[in-house]
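See below for entry31.cif, which holds mmCIF, C-alpha atoms and all ligand atoms.
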data_structure
loop_
_atom_site.label_atom_id
_atom_site.label_comp_id
_atom_site.auth_asym_id
_atom_site.auth_seq_id
_atom_site.Cartn_x
_atom_site.Cartn_y
_atom_site.Cartn_z
CA MET A 21 71.93 -26.12 68.13
CA ALA A 22 70.91 -23.03 66.18
CA ARG A 23 70.06 -19.45 67.16
CA ILE A 24 66.68 -18.42 65.81
CA LEU A 25 65.47 -14.82 65.72
CA LEU A 26 61.70 -15.25 65.88
CA ILE A 27 59.64 -12.34 64.59
CA ILE A 28 56.03 -12.65 65.72
CA GLY A 29 53.37 -10.81 63.73
CA GLY A 30 50.01 -9.63 65.06
CA GLY A 31 47.57 -12.34 64.09
CA ILE A 32 45.41 -14.84 65.94
CA ALA A 33 48.04 -17.52 65.17
CA ALA A 34 50.57 -15.61 67.32
CA TYR A 35 49.71 -17.87 70.25
CA LYS A 36 51.21 -20.76 68.25
CA ALA A 37 54.55 -18.93 68.30
CA ALA A 38 54.70 -19.72 72.01
CA GLU A 39 54.29 -23.41 71.18
CA LEU A 40 57.00 -23.08 68.54
CA VAL A 41 59.40 -21.56 71.09
CA ARG A 42 58.73 -24.49 73.43
CA HIS A 43 59.51 -27.05 70.68
CA ALA A 44 62.62 -25.22 69.49
CA ARG A 45 63.96 -24.94 73.06
CA LYS A 46 63.28 -28.64 73.67
CA ALA A 47 65.37 -29.44 70.59
CA GLY A 48 68.23 -27.37 72.02
CA HIS A 49 67.87 -24.21 69.93
CA GLU A 50 68.19 -20.65 71.25
CA VAL A 51 65.25 -18.42 70.41
CA THR A 52 65.15 -14.63 70.63
CA PRO A 53 61.55 -13.43 70.20
CA VAL A 54 60.66 -10.06 68.70
CA LEU A 55 57.01 -8.95 68.87
CA THR A 56 55.27 -6.40 66.69
CA ASP A 57 52.80 -4.05 68.39
CA GLY A 58 49.95 -6.18 67.04
CA ALA A 59 51.50 -9.42 68.32
CA GLN A 60 51.46 -8.04 71.87
CA HIS A 61 47.64 -8.05 71.75
CA PHE A 62 47.75 -11.84 71.31
CA VAL A 63 50.76 -12.94 73.37
CA THR A 64 52.65 -11.19 76.12
CA PRO A 65 56.40 -10.54 76.08
CA MET A 66 56.45 -11.98 79.60
CA SER A 67 55.17 -15.43 78.61
CA LEU A 68 57.51 -15.59 75.61
CA ALA A 69 60.51 -14.55 77.71
CA ALA A 70 59.70 -17.36 80.15
CA LEU A 71 59.40 -19.96 77.39
CA ALA A 72 62.44 -18.73 75.43
CA GLU A 73 64.53 -18.09 78.57
CA SER A 74 65.71 -15.03 76.66
CA PRO A 75 65.00 -11.30 76.58
CA VAL A 76 62.10 -10.38 74.30
CA TYR A 77 62.37 -7.30 72.08
CA THR A 78 59.44 -5.11 71.10
CA SER A 79 60.59 -1.58 70.34
CA LEU A 80 63.18 0.12 68.21
CA TRP A 81 63.20 3.01 70.63
CA ASP A 82 64.21 1.01 73.65
CA LEU A 83 67.49 2.88 74.32
CA LYS A 84 68.70 0.29 76.79
CA ASP A 85 68.65 -2.30 74.06
CA GLU A 86 70.48 0.01 71.67
CA VAL A 87 73.22 0.36 74.26
CA GLU A 88 73.42 -3.33 75.13
CA MET A 89 72.65 -4.68 71.66
CA GLY A 90 71.94 -2.47 68.65
CA HIS A 91 69.29 -3.47 66.14
CA ILE A 92 71.91 -4.28 63.51
CA GLU A 93 73.64 -6.66 65.89
CA LEU A 94 70.32 -8.20 66.96
CA SER A 95 69.47 -8.87 63.31
CA ARG A 96 72.74 -10.69 62.78
CA ALA A 97 73.31 -12.52 66.05
CA ALA A 98 71.03 -15.35 64.89
CA ASP A 99 71.73 -18.19 62.44
CA HIS A 100 68.24 -17.89 61.03
CA VAL A 101 65.33 -15.45 61.04
CA LEU A 102 61.82 -16.91 61.22
CA VAL A 103 58.71 -14.76 60.78
CA CYS A 104 55.84 -16.65 62.44
CA PRO A 105 53.05 -15.89 62.03
CA ALA A 106 53.61 -13.59 59.07
CA THR A 107 50.51 -11.44 58.64
CA ALA A 108 49.45 -9.91 55.31
CA ASP A 109 50.56 -6.53 56.65
CA LEU A 110 54.01 -7.73 57.71
CA ILE A 111 54.49 -9.52 54.37
CA ALA A 112 53.52 -6.34 52.50
CA LYS A 113 56.00 -4.29 54.53
CA MET A 114 58.74 -6.84 53.90
CA ALA A 115 58.00 -6.87 50.16
CA ALA A 116 58.14 -3.08 50.07
CA GLY A 117 61.30 -2.91 52.16
CA LEU A 118 59.72 -0.75 54.86
CA ALA A 119 61.40 -0.35 58.24
CA THR A 120 58.69 1.20 60.38
CA ASP A 121 59.23 -0.75 63.60
CA LEU A 122 61.71 -3.07 65.24
CA ALA A 123 60.50 -6.23 63.41
CA THR A 124 60.64 -4.71 59.91
CA THR A 125 63.94 -2.94 60.64
CA LEU A 126 65.53 -6.23 61.72
CA LEU A 127 64.18 -7.95 58.59
CA LEU A 128 65.73 -5.26 56.41
CA ALA A 129 69.04 -5.25 58.27
CA THR A 130 69.60 -9.00 58.55
CA ASP A 131 72.21 -10.86 56.55
CA LYS A 132 70.85 -14.27 57.59
CA PRO A 133 68.44 -16.64 55.80
CA VAL A 134 64.81 -15.68 56.40
CA THR A 135 61.82 -18.05 56.47
CA VAL A 136 58.27 -16.74 56.49
CA ALA A 137 55.30 -18.75 57.82
CA PRO A 138 52.17 -16.89 56.66
CA ALA A 139 48.85 -17.10 58.50
CA MET A 140 45.81 -15.04 57.64
CA ASN A 141 42.20 -15.13 56.48
CA VAL A 142 41.77 -17.09 53.24
CA LYS A 143 40.58 -14.06 51.24
CA MET A 144 43.54 -12.01 52.46
CA TRP A 145 45.87 -14.87 51.46
CA GLU A 146 44.31 -15.21 48.01
CA HIS A 147 44.20 -11.45 47.38
CA PRO A 148 46.33 -10.51 44.34
CA ALA A 149 48.20 -7.95 46.46
CA THR A 150 49.28 -10.62 48.96
CA GLN A 151 50.19 -13.06 46.19
CA ARG A 152 52.21 -10.31 44.51
CA ASN A 153 54.04 -9.64 47.76
CA ILE A 154 54.70 -13.36 48.30
CA ALA A 155 56.17 -13.62 44.79
CA GLN A 156 58.38 -10.62 45.62
CA LEU A 157 59.62 -12.22 48.86
CA LYS A 158 60.47 -15.42 46.98
CA ALA A 159 62.28 -13.40 44.31
CA ASP A 160 64.23 -11.73 47.13
CA GLY A 161 65.48 -15.15 48.26
CA ILE A 162 63.15 -15.52 51.25
CA THR A 163 61.71 -18.98 51.93
CA VAL A 164 57.91 -18.77 52.14
CA LEU A 165 56.12 -21.76 53.66
CA GLU A 166 52.75 -22.76 52.20
CA PRO A 167 49.93 -22.14 54.66
CA ASP A 168 47.78 -25.13 55.60
CA GLU A 169 44.24 -25.48 54.39
CA GLY A 170 41.30 -25.95 56.76
CA PRO A 171 38.77 -24.22 59.00
CA MET A 172 39.97 -20.79 60.15
CA ALA A 173 39.54 -18.89 63.38
CA CYS A 174 37.33 -16.41 61.46
CA GLY A 175 34.89 -19.20 60.50
CA GLU A 176 35.92 -19.42 56.82
CA PHE A 177 37.62 -22.37 55.17
CA GLY A 178 40.66 -22.54 52.88
CA PRO A 179 44.39 -21.94 52.74
CA GLY A 180 45.76 -19.47 55.28
CA ARG A 181 46.22 -21.50 58.45
CA LEU A 182 49.62 -21.55 60.11
CA PRO A 183 51.27 -24.95 59.49
CA GLU A 184 51.91 -27.15 62.56
CA VAL A 185 54.86 -25.81 64.54
CA GLU A 186 56.78 -29.08 64.10
CA ALA A 187 56.42 -28.70 60.32
CA ILE A 188 57.63 -25.10 60.49
CA LEU A 189 60.72 -26.09 62.47
CA ALA A 190 61.34 -29.06 60.17
CA ALA A 191 61.24 -26.72 57.17
CA LEU A 192 63.91 -24.38 58.55
CA PRO A 193 67.09 -24.80 56.54
CA LEU A 194 69.26 -24.96 59.63
CA GLY A 195 71.92 -27.04 57.84
CA SER A 196 74.47 -29.01 59.79
CA VAL A 197 73.49 -27.25 63.01
CA THR A 198 70.53 -29.66 63.15
CA ALA A 199 72.70 -32.76 63.04
CA ALA A 200 71.76 -33.64 66.61
CA PRO A 201 68.67 -35.82 66.90
CA LEU A 202 65.55 -34.17 68.31
CA ALA A 203 66.16 -35.04 71.93
CA GLY A 204 63.06 -36.26 73.64
CA ALA A 205 60.63 -35.59 70.77
CA GLU A 206 57.46 -37.50 71.57
CA GLY A 207 55.54 -39.23 68.82
CA PRO A 208 54.40 -42.58 67.45
CA LEU A 209 57.97 -43.45 66.40
CA SER A 210 59.68 -42.38 69.67
CA GLY A 211 62.52 -44.75 70.46
CA LYS A 212 62.68 -46.08 66.89
CA HIS A 213 65.63 -45.68 64.52
CA VAL A 214 64.60 -44.84 60.96
CA LEU A 215 67.19 -45.07 58.21
CA VAL A 216 66.51 -43.21 54.96
CA THR A 217 68.53 -43.02 51.74
CA ALA A 218 67.84 -40.14 49.35
CA GLY A 219 69.02 -38.46 46.20
CA PRO A 220 71.08 -39.76 43.31
CA THR A 221 74.52 -41.29 43.38
CA HIS A 222 77.38 -39.97 41.28
CA GLU A 223 79.68 -42.52 39.75
CA PRO A 224 82.96 -40.93 38.64
CA ILE A 225 84.36 -41.53 35.19
CA ASP A 226 87.45 -39.43 35.74
CA PRO A 227 88.42 -36.75 38.31
CA VAL A 228 85.90 -34.23 36.88
CA ARG A 229 83.12 -36.26 35.27
CA VAL A 230 80.39 -38.42 36.75
CA ILE A 231 77.45 -40.58 35.71
CA ALA A 232 74.45 -39.11 37.50
CA ASN A 233 70.65 -39.25 37.44
CA LYS A 234 67.85 -36.70 37.84
CA SER A 235 66.81 -37.60 41.41
CA SER A 236 66.43 -34.39 43.46
CA GLY A 237 66.34 -36.02 46.92
CA LYS A 238 63.15 -34.09 47.78
CA GLN A 239 61.00 -37.17 48.49
CA GLY A 240 63.61 -38.86 50.69
CA PHE A 241 64.36 -35.64 52.61
CA ALA A 242 60.62 -35.13 53.19
CA ILE A 243 60.34 -38.68 54.55
CA ALA A 244 63.30 -38.11 56.90
CA ALA A 245 61.67 -34.86 58.11
CA ALA A 246 58.31 -36.57 58.70
CA ALA A 247 59.98 -39.45 60.59
CA ALA A 248 61.76 -36.94 62.87
CA ARG A 249 58.47 -35.15 63.53
CA ALA A 250 57.00 -38.53 64.49
CA GLY A 251 59.68 -38.77 67.21
CA ALA A 252 62.09 -41.20 65.50
CA ARG A 253 65.86 -41.01 65.61
CA VAL A 254 66.55 -40.49 61.92
CA THR A 255 69.71 -41.21 59.93
CA LEU A 256 69.53 -39.73 56.44
CA ILE A 257 72.15 -40.97 54.00
CA ALA A 258 72.14 -38.47 51.18
CA GLY A 259 73.65 -38.60 47.74
CA PRO A 260 74.95 -35.34 46.21
CA VAL A 261 72.07 -32.84 46.61
CA SER A 262 72.10 -29.29 47.96
CA LEU A 263 68.93 -29.61 50.08
CA PRO A 264 69.03 -28.33 53.67
CA THR A 265 69.13 -30.93 56.44
CA PRO A 266 65.65 -31.37 57.92
CA PHE A 267 65.20 -30.42 61.56
CA GLY A 268 66.21 -33.15 64.01
CA VAL A 269 67.81 -35.41 61.38
CA SER A 270 71.38 -36.80 61.42
CA ARG A 271 72.70 -36.58 57.88
CA ILE A 272 75.58 -38.44 56.26
CA ASP A 273 76.61 -37.19 52.82
CA VAL A 274 77.94 -39.69 50.30
CA MET A 275 78.71 -39.58 46.60
CA THR A 276 78.84 -43.09 45.14
CA ALA A 277 76.69 -46.20 45.53
CA VAL A 278 79.59 -47.96 47.21
CA GLU A 279 79.85 -45.14 49.79
CA MET A 280 76.06 -45.20 50.30
CA HIS A 281 76.16 -48.97 50.83
CA GLN A 282 78.91 -48.62 53.42
CA ALA A 283 77.11 -45.80 55.25
CA VAL A 284 73.86 -47.80 55.39
CA MET A 285 75.61 -50.88 56.78
CA ASN A 286 77.43 -48.73 59.37
CA ALA A 287 74.12 -47.17 60.46
CA LEU A 288 72.49 -50.54 61.32
CA PRO A 289 70.63 -51.64 63.36
CA ALA A 290 67.49 -49.77 62.41
CA ASP A 291 63.82 -50.47 63.07
CA VAL A 292 62.74 -49.09 59.70
CA ALA A 293 64.69 -48.53 56.47
CA VAL A 294 63.17 -46.47 53.69
CA MET A 295 65.40 -46.69 50.63
CA VAL A 296 64.40 -43.76 48.46
CA ALA A 297 67.74 -43.07 46.77
CA ALA A 298 68.07 -43.55 43.03
CA VAL A 299 71.21 -45.65 43.28
CA ALA A 300 73.21 -46.14 40.09
CA ASP A 301 73.10 -49.79 39.06
CA TRP A 302 76.58 -49.60 37.58
CA ARG A 303 79.88 -47.93 38.32
CA VAL A 304 82.85 -47.58 36.00
CA GLU A 305 86.52 -48.05 36.47
CA ALA A 306 87.36 -44.33 36.80
CA SER A 307 90.39 -42.93 35.00
CA PRO A 308 92.83 -41.35 37.49
CA THR A 309 93.45 -38.50 35.03
CA LYS A 310 91.03 -36.40 33.00
CA LEU A 311 89.98 -38.14 29.80
CA LYS A 312 91.15 -36.19 26.75
CA LYS A 313 88.92 -35.42 23.80
CA GLY A 314 91.82 -36.05 21.43
CA SER A 315 92.14 -39.66 22.60
CA GLY A 316 88.73 -40.43 21.08
CA PRO A 317 85.58 -41.70 22.81
CA PRO A 318 86.55 -43.55 25.99
CA GLU A 319 85.61 -47.16 26.49
CA LEU A 320 83.80 -47.35 29.80
CA VAL A 321 83.97 -50.68 31.60
CA PHE A 322 80.99 -51.11 33.93
CA ALA A 323 80.79 -53.17 37.11
CA PRO A 324 77.59 -53.77 39.09
CA ASN A 325 77.00 -51.74 42.25
CA PRO A 326 75.87 -53.39 45.47
CA ASP A 327 72.06 -53.50 45.73
CA ILE A 328 71.61 -51.92 49.15
CA LEU A 329 67.91 -52.73 49.49
CA ALA A 330 68.34 -56.36 48.42
CA GLU A 331 71.23 -56.78 50.83
CA LEU A 332 69.17 -55.37 53.71
CA GLY A 333 66.42 -57.87 52.80
CA GLU A 334 68.76 -60.74 53.65
CA HIS A 335 70.82 -59.07 56.37
CA PRO A 336 71.02 -60.68 59.84
CA ASP A 337 70.11 -57.20 61.17
CA ARG A 338 67.25 -56.77 58.69
CA PRO A 339 65.15 -53.77 59.76
CA ARG A 340 61.72 -54.87 60.97
CA LEU A 341 60.10 -52.81 58.24
CA LEU A 342 61.94 -52.57 54.94
CA VAL A 343 60.56 -50.14 52.37
CA GLY A 344 61.88 -49.69 48.86
CA PHE A 345 60.93 -47.34 46.05
CA ALA A 346 60.39 -48.26 42.43
CA ALA A 347 60.65 -45.47 39.91
CA GLU A 348 59.21 -46.86 36.71
CA THR A 349 58.15 -45.50 33.36
CA ASN A 350 56.03 -48.54 32.38
CA ASP A 351 54.37 -51.64 33.92
CA VAL A 352 54.66 -49.86 37.27
CA ILE A 353 52.78 -52.37 39.46
CA ASP A 354 54.20 -55.52 37.83
CA ASN A 355 57.71 -54.20 38.22
CA ALA A 356 57.04 -53.21 41.83
CA ARG A 357 55.66 -56.68 42.63
CA SER A 358 58.72 -58.42 41.24
CA LYS A 359 60.97 -55.99 43.13
CA LEU A 360 59.11 -56.75 46.36
CA GLU A 361 59.93 -60.42 45.96
CA ARG A 362 63.42 -60.09 44.58
CA LYS A 363 64.58 -57.64 47.25
CA LYS A 364 62.62 -59.24 50.13
CA ALA A 365 61.15 -55.85 51.05
CA ASP A 366 57.92 -55.41 53.01
CA TRP A 367 56.61 -52.58 50.87
CA ILE A 368 57.57 -51.14 47.52
CA VAL A 369 56.41 -47.59 46.93
CA ALA A 370 55.88 -47.47 43.19
CA ASN A 371 55.86 -44.24 41.25
CA ASP A 372 55.48 -43.50 37.61
CA VAL A 373 58.37 -41.21 36.67
CA SER A 374 57.44 -40.85 33.02
CA GLY A 375 56.22 -37.26 33.81
CA ASP A 376 58.05 -34.58 35.81
CA VAL A 377 58.15 -36.43 39.16
CA MET A 378 61.95 -36.48 39.28
CA GLY A 379 62.97 -33.04 40.50
CA GLY A 380 59.32 -31.89 40.79
CA ASP A 381 57.41 -31.05 43.98
CA HIS A 382 54.56 -33.54 43.51
CA ASN A 383 54.34 -37.29 43.41
CA ARG A 384 51.77 -40.01 42.89
CA VAL A 385 52.55 -43.33 44.48
CA GLN A 386 51.10 -46.77 45.04
CA ILE A 387 52.17 -48.86 48.00
CA VAL A 388 52.65 -52.47 46.96
CA SER A 389 52.86 -55.08 49.72
CA ALA A 390 51.86 -58.69 50.39
CA ASP A 391 48.43 -57.26 51.33
CA GLY A 392 47.82 -55.72 47.89
CA VAL A 393 48.15 -52.29 46.32
CA GLU A 394 47.16 -49.02 47.98
CA ASP A 395 46.75 -45.96 45.76
CA LEU A 396 47.63 -42.55 47.20
CA ASP A 397 46.32 -39.43 45.48
CA THR A 398 48.71 -37.09 43.71
CA ALA A 399 50.09 -34.77 46.39
CA THR A 400 53.14 -32.77 47.39
CA LYS A 401 56.17 -34.83 48.29
CA GLU A 402 55.78 -33.57 51.90
CA SER A 403 52.23 -34.86 52.01
CA ILE A 404 53.21 -38.24 50.51
CA ALA A 405 56.00 -38.43 53.11
CA GLN A 406 53.52 -37.79 55.93
CA SER A 407 51.13 -40.47 54.59
CA LEU A 408 53.96 -43.00 54.47
CA ILE A 409 55.17 -42.16 57.97
CA ASP A 410 51.56 -42.42 59.24
CA ARG A 411 51.35 -45.94 57.78
CA ILE A 412 54.78 -46.85 59.17
CA SER A 413 53.69 -45.58 62.61
CA GLU A 414 50.54 -47.75 62.39
CA THR A 415 52.63 -50.89 61.86
CA PHE A 416 54.46 -50.13 65.12
CA SER A 417 51.41 -49.22 67.19
O1 LIG A 501 66.30 -52.09 41.22
P1 LIG A 501 65.81 -50.69 41.34
O2 LIG A 501 66.89 -49.66 41.27
O3 LIG A 501 64.69 -50.34 40.44
O4 LIG A 501 65.18 -50.67 42.82
C1 LIG A 501 64.78 -49.50 43.45
C2 LIG A 501 64.85 -49.65 44.94
O5 LIG A 501 66.04 -50.32 45.32
C3 LIG A 501 64.91 -48.30 45.63
O6 LIG A 501 64.35 -48.46 46.90
C4 LIG A 501 66.42 -48.04 45.71
O7 LIG A 501 66.74 -47.15 46.75
C5 LIG A 501 66.94 -49.44 45.98
N1 LIG A 501 68.27 -49.70 45.44
C6 LIG A 501 69.34 -49.87 46.30
N2 LIG A 501 70.58 -50.16 45.80
C7 LIG A 501 70.78 -50.28 44.47
C8 LIG A 501 69.69 -50.09 43.59
C9 LIG A 501 68.46 -49.79 44.10
O8 LIG A 501 69.16 -49.78 47.52
N3 LIG A 501 71.98 -50.54 44.02
#

Let's see the structure in the file written out as structure tokens.
Amino acid sequence: MARILLIIGGGIAAYKAAELVRHARKAGHEVTPVLTDGAQHFVTPMSLAALAESPVYTSLWDLKDEVEMGHIELSRAADHVLVCPATADLIAKMAAGLATDLATTLLLATDKPVTVAPAMNVKMWEHPATQRNIAQLKADGITVLEPDEGPMACGEFGPGRLPEVEAILAALPLGSVTAAPLAGAEGPLSGKHVLVTAGPTHEPIDPVRVIANKSSGKQGFAIAAAAARAGARVTLIAGPVSLPTPFGVSRIDVMTAVEMHQAVMNALPADVAVMVAAVADWRVEASPTKLKKGSGPPELVFAPNPDILAELGEHPDRPRLLVGFAAETNDVIDNARSKLERKKADWIVANDVSGDVMGGDHNRVQIVSADGVEDLDTATKESIAQSLIDRISETFS
């Protein structure tokens, strides 16, 4: 459970803030709404108070509030501040550090992480002034969500739409406070348990050194987030990465392949397993003390790690749908096909990692199964995750 201070800007998308409050409350979060003057033309404090089951704040000059809860305290009583929708005007004020009303004063006074969900006309979004302000917010450490692209309320088409409220909540870096599954979330995967591994593993050599790889965990975390949005109970077993826990996901942190293997086996049974982690194939007999330079180059003795995916393929509790990943630099499809057979998986999601896929924000994948090969266009890792979860949902429908 997290406490969210929700700052609602004055745009047509403000009505979606009401929907966001409903979702956040359903997931057990506390929401304190703050409306700008403009926002009150689109949604009423009364309806938000009813949905949030909390007082709604609108004015800096409301003395009663200053007595009961000053604006400094209000700005800090939350775990997270979300600006949704963030209008071009509100973004400009934030970038300039203005404090002209309650919303902007709270944003300047807060010491909590701030996420901004912009929504505005496409030309306003693309205007150099807005893009300059967005760059400034990012430089100030504020998380800015990408607006969706599509038809707009004003009749134009392009980026500037508020993302779906589930996606906004899933993007909030609420950390361990989101460890509880999204109770009662309805979706195509409701009632299903989805197990995801993500990130690299670290295999220690000595107490301070490890063998690692360049996996960022972004693709696996995005898949866990998309599965939670689809209503699944999600267990995410994460190697050492510093990504925030997606909304509604239970996360188990591990370091080595052996720990990841154990955590996966403990998490069974699952309806779906998506093994995205870049698991080290080998571990070494780690030295109990730090290896010394003076002793010369160490001789590392390698032992094979358990192959988690292959073991799941033969497990008595084999998930009904078993999905593996194949990061390859050459012969991508051939390698994926042999992996499909060898590991007894249902699908292998093949990606060419010869470019900057590892650690990057985009991916291009091909889904290899007994039915053939499906090519997905290059897209953000979030979008690839959603496509995969859509296909997984179809197999259960
Ligand atoms: O054999 P390779 O590492 O290329 O296979 C990749 C797939 O197998 C990925 O889905 C990865 O998560 C999984 N894997 C695993 N345990 C290992 C090695 C790979 O689960 N030890």

If you take all atoms listed in the file and a cut-off of 7 Å, which residues of chain A touch ligand LIG 501 (chain A), and what are their nearest atom pairs and distances in Å to one decimal, in chain and number order, as a Markdown table?
| residue | atom | partner | partner_atom | distance |
| --- | --- | --- | --- | --- |
| A:Thr217 | CA | A:LIG501 | O7 | 6.7 |
| A:Ala277 | CA | A:LIG501 | N3 | 6.6 |
| A:Met295 | CA | A:LIG501 | O7 | 4.1 |
| A:Val296 | CA | A:LIG501 | O7 | 4.5 |
| A:Ala297 | CA | A:LIG501 | O7 | 4.2 |
| A:Ala298 | CA | A:LIG501 | O7 | 5.3 |
| A:Val299 | CA | A:LIG501 | C8 | 4.7 |
| A:Ala300 | CA | A:LIG501 | N3 | 6.0 |
| A:Asp301 | CA | A:LIG501 | N3 | 5.1 |
| A:Asn325 | CA | A:LIG501 | N3 | 5.5 |
| A:Pro326 | CA | A:LIG501 | N3 | 5.0 |
| A:Asp327 | CA | A:LIG501 | N3 | 3.4 |
| A:Ile328 | CA | A:LIG501 | O8 | 3.6 |
| A:Leu329 | CA | A:LIG501 | O8 | 3.8 |
| A:Ala330 | CA | A:LIG501 | O8 | 6.7 |
| A:Val343 | CA | A:LIG501 | O6 | 6.9 |
| A:Gly344 | CA | A:LIG501 | O6 | 3.4 |
| A:Phe345 | CA | A:LIG501 | O6 | 3.7 |
| A:Ala346 | CA | A:LIG501 | C1 | 4.7 |
| A:Ala347 | CA | A:LIG501 | O3 | 6.3 |
| A:Lys359 | CA | A:LIG501 | O4 | 6.8 |

Quick one, how far is atom CA of Thr56 of chain A from atom CA of Trp145 of chain A?
19.8 Å

Straight-line distance linking atom CA of Asp99 of chain A with atom CA of Ser210 of chain A, stated in Å to one decimal
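We find that atom CA of Asp99 of chain A and atom CA of Ser210 of chain A lie 28.0 Å from each other.
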
Between atom CA of Val103 of chain A and atom CA of Gln406 of chain A - distance in Å to one decimal
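Atom CA of Val103 of chain A lies at a distance of 24.1 Å from atom CA of Gln406 of chain A.
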
Near-Val51 of chain A list (7 Å; all atoms listed in the file; drop same-chain fewer than 3 positions) as a JSON list (two decimals) with C-alpha atoms, in the coordinates of the input:
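Okay, this is what ended up in selection_0.json:
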[["chain", "number", "residue", "atom", "x", "y", "z"],
["A", 23, "ARG", "CA", 70.06, -19.45, 67.16],
["A", 24, "ILE", "CA", 66.68, -18.42, 65.81],
["A", 25, "LEU", "CA", 65.47, -14.82, 65.72],
["A", 26, "LEU", "CA", 61.70, -15.25, 65.88],
["A", 41, "VAL", "CA", 59.40, -21.56, 71.09],
["A", 72, "ALA", "CA", 62.44, -18.73, 75.43]]
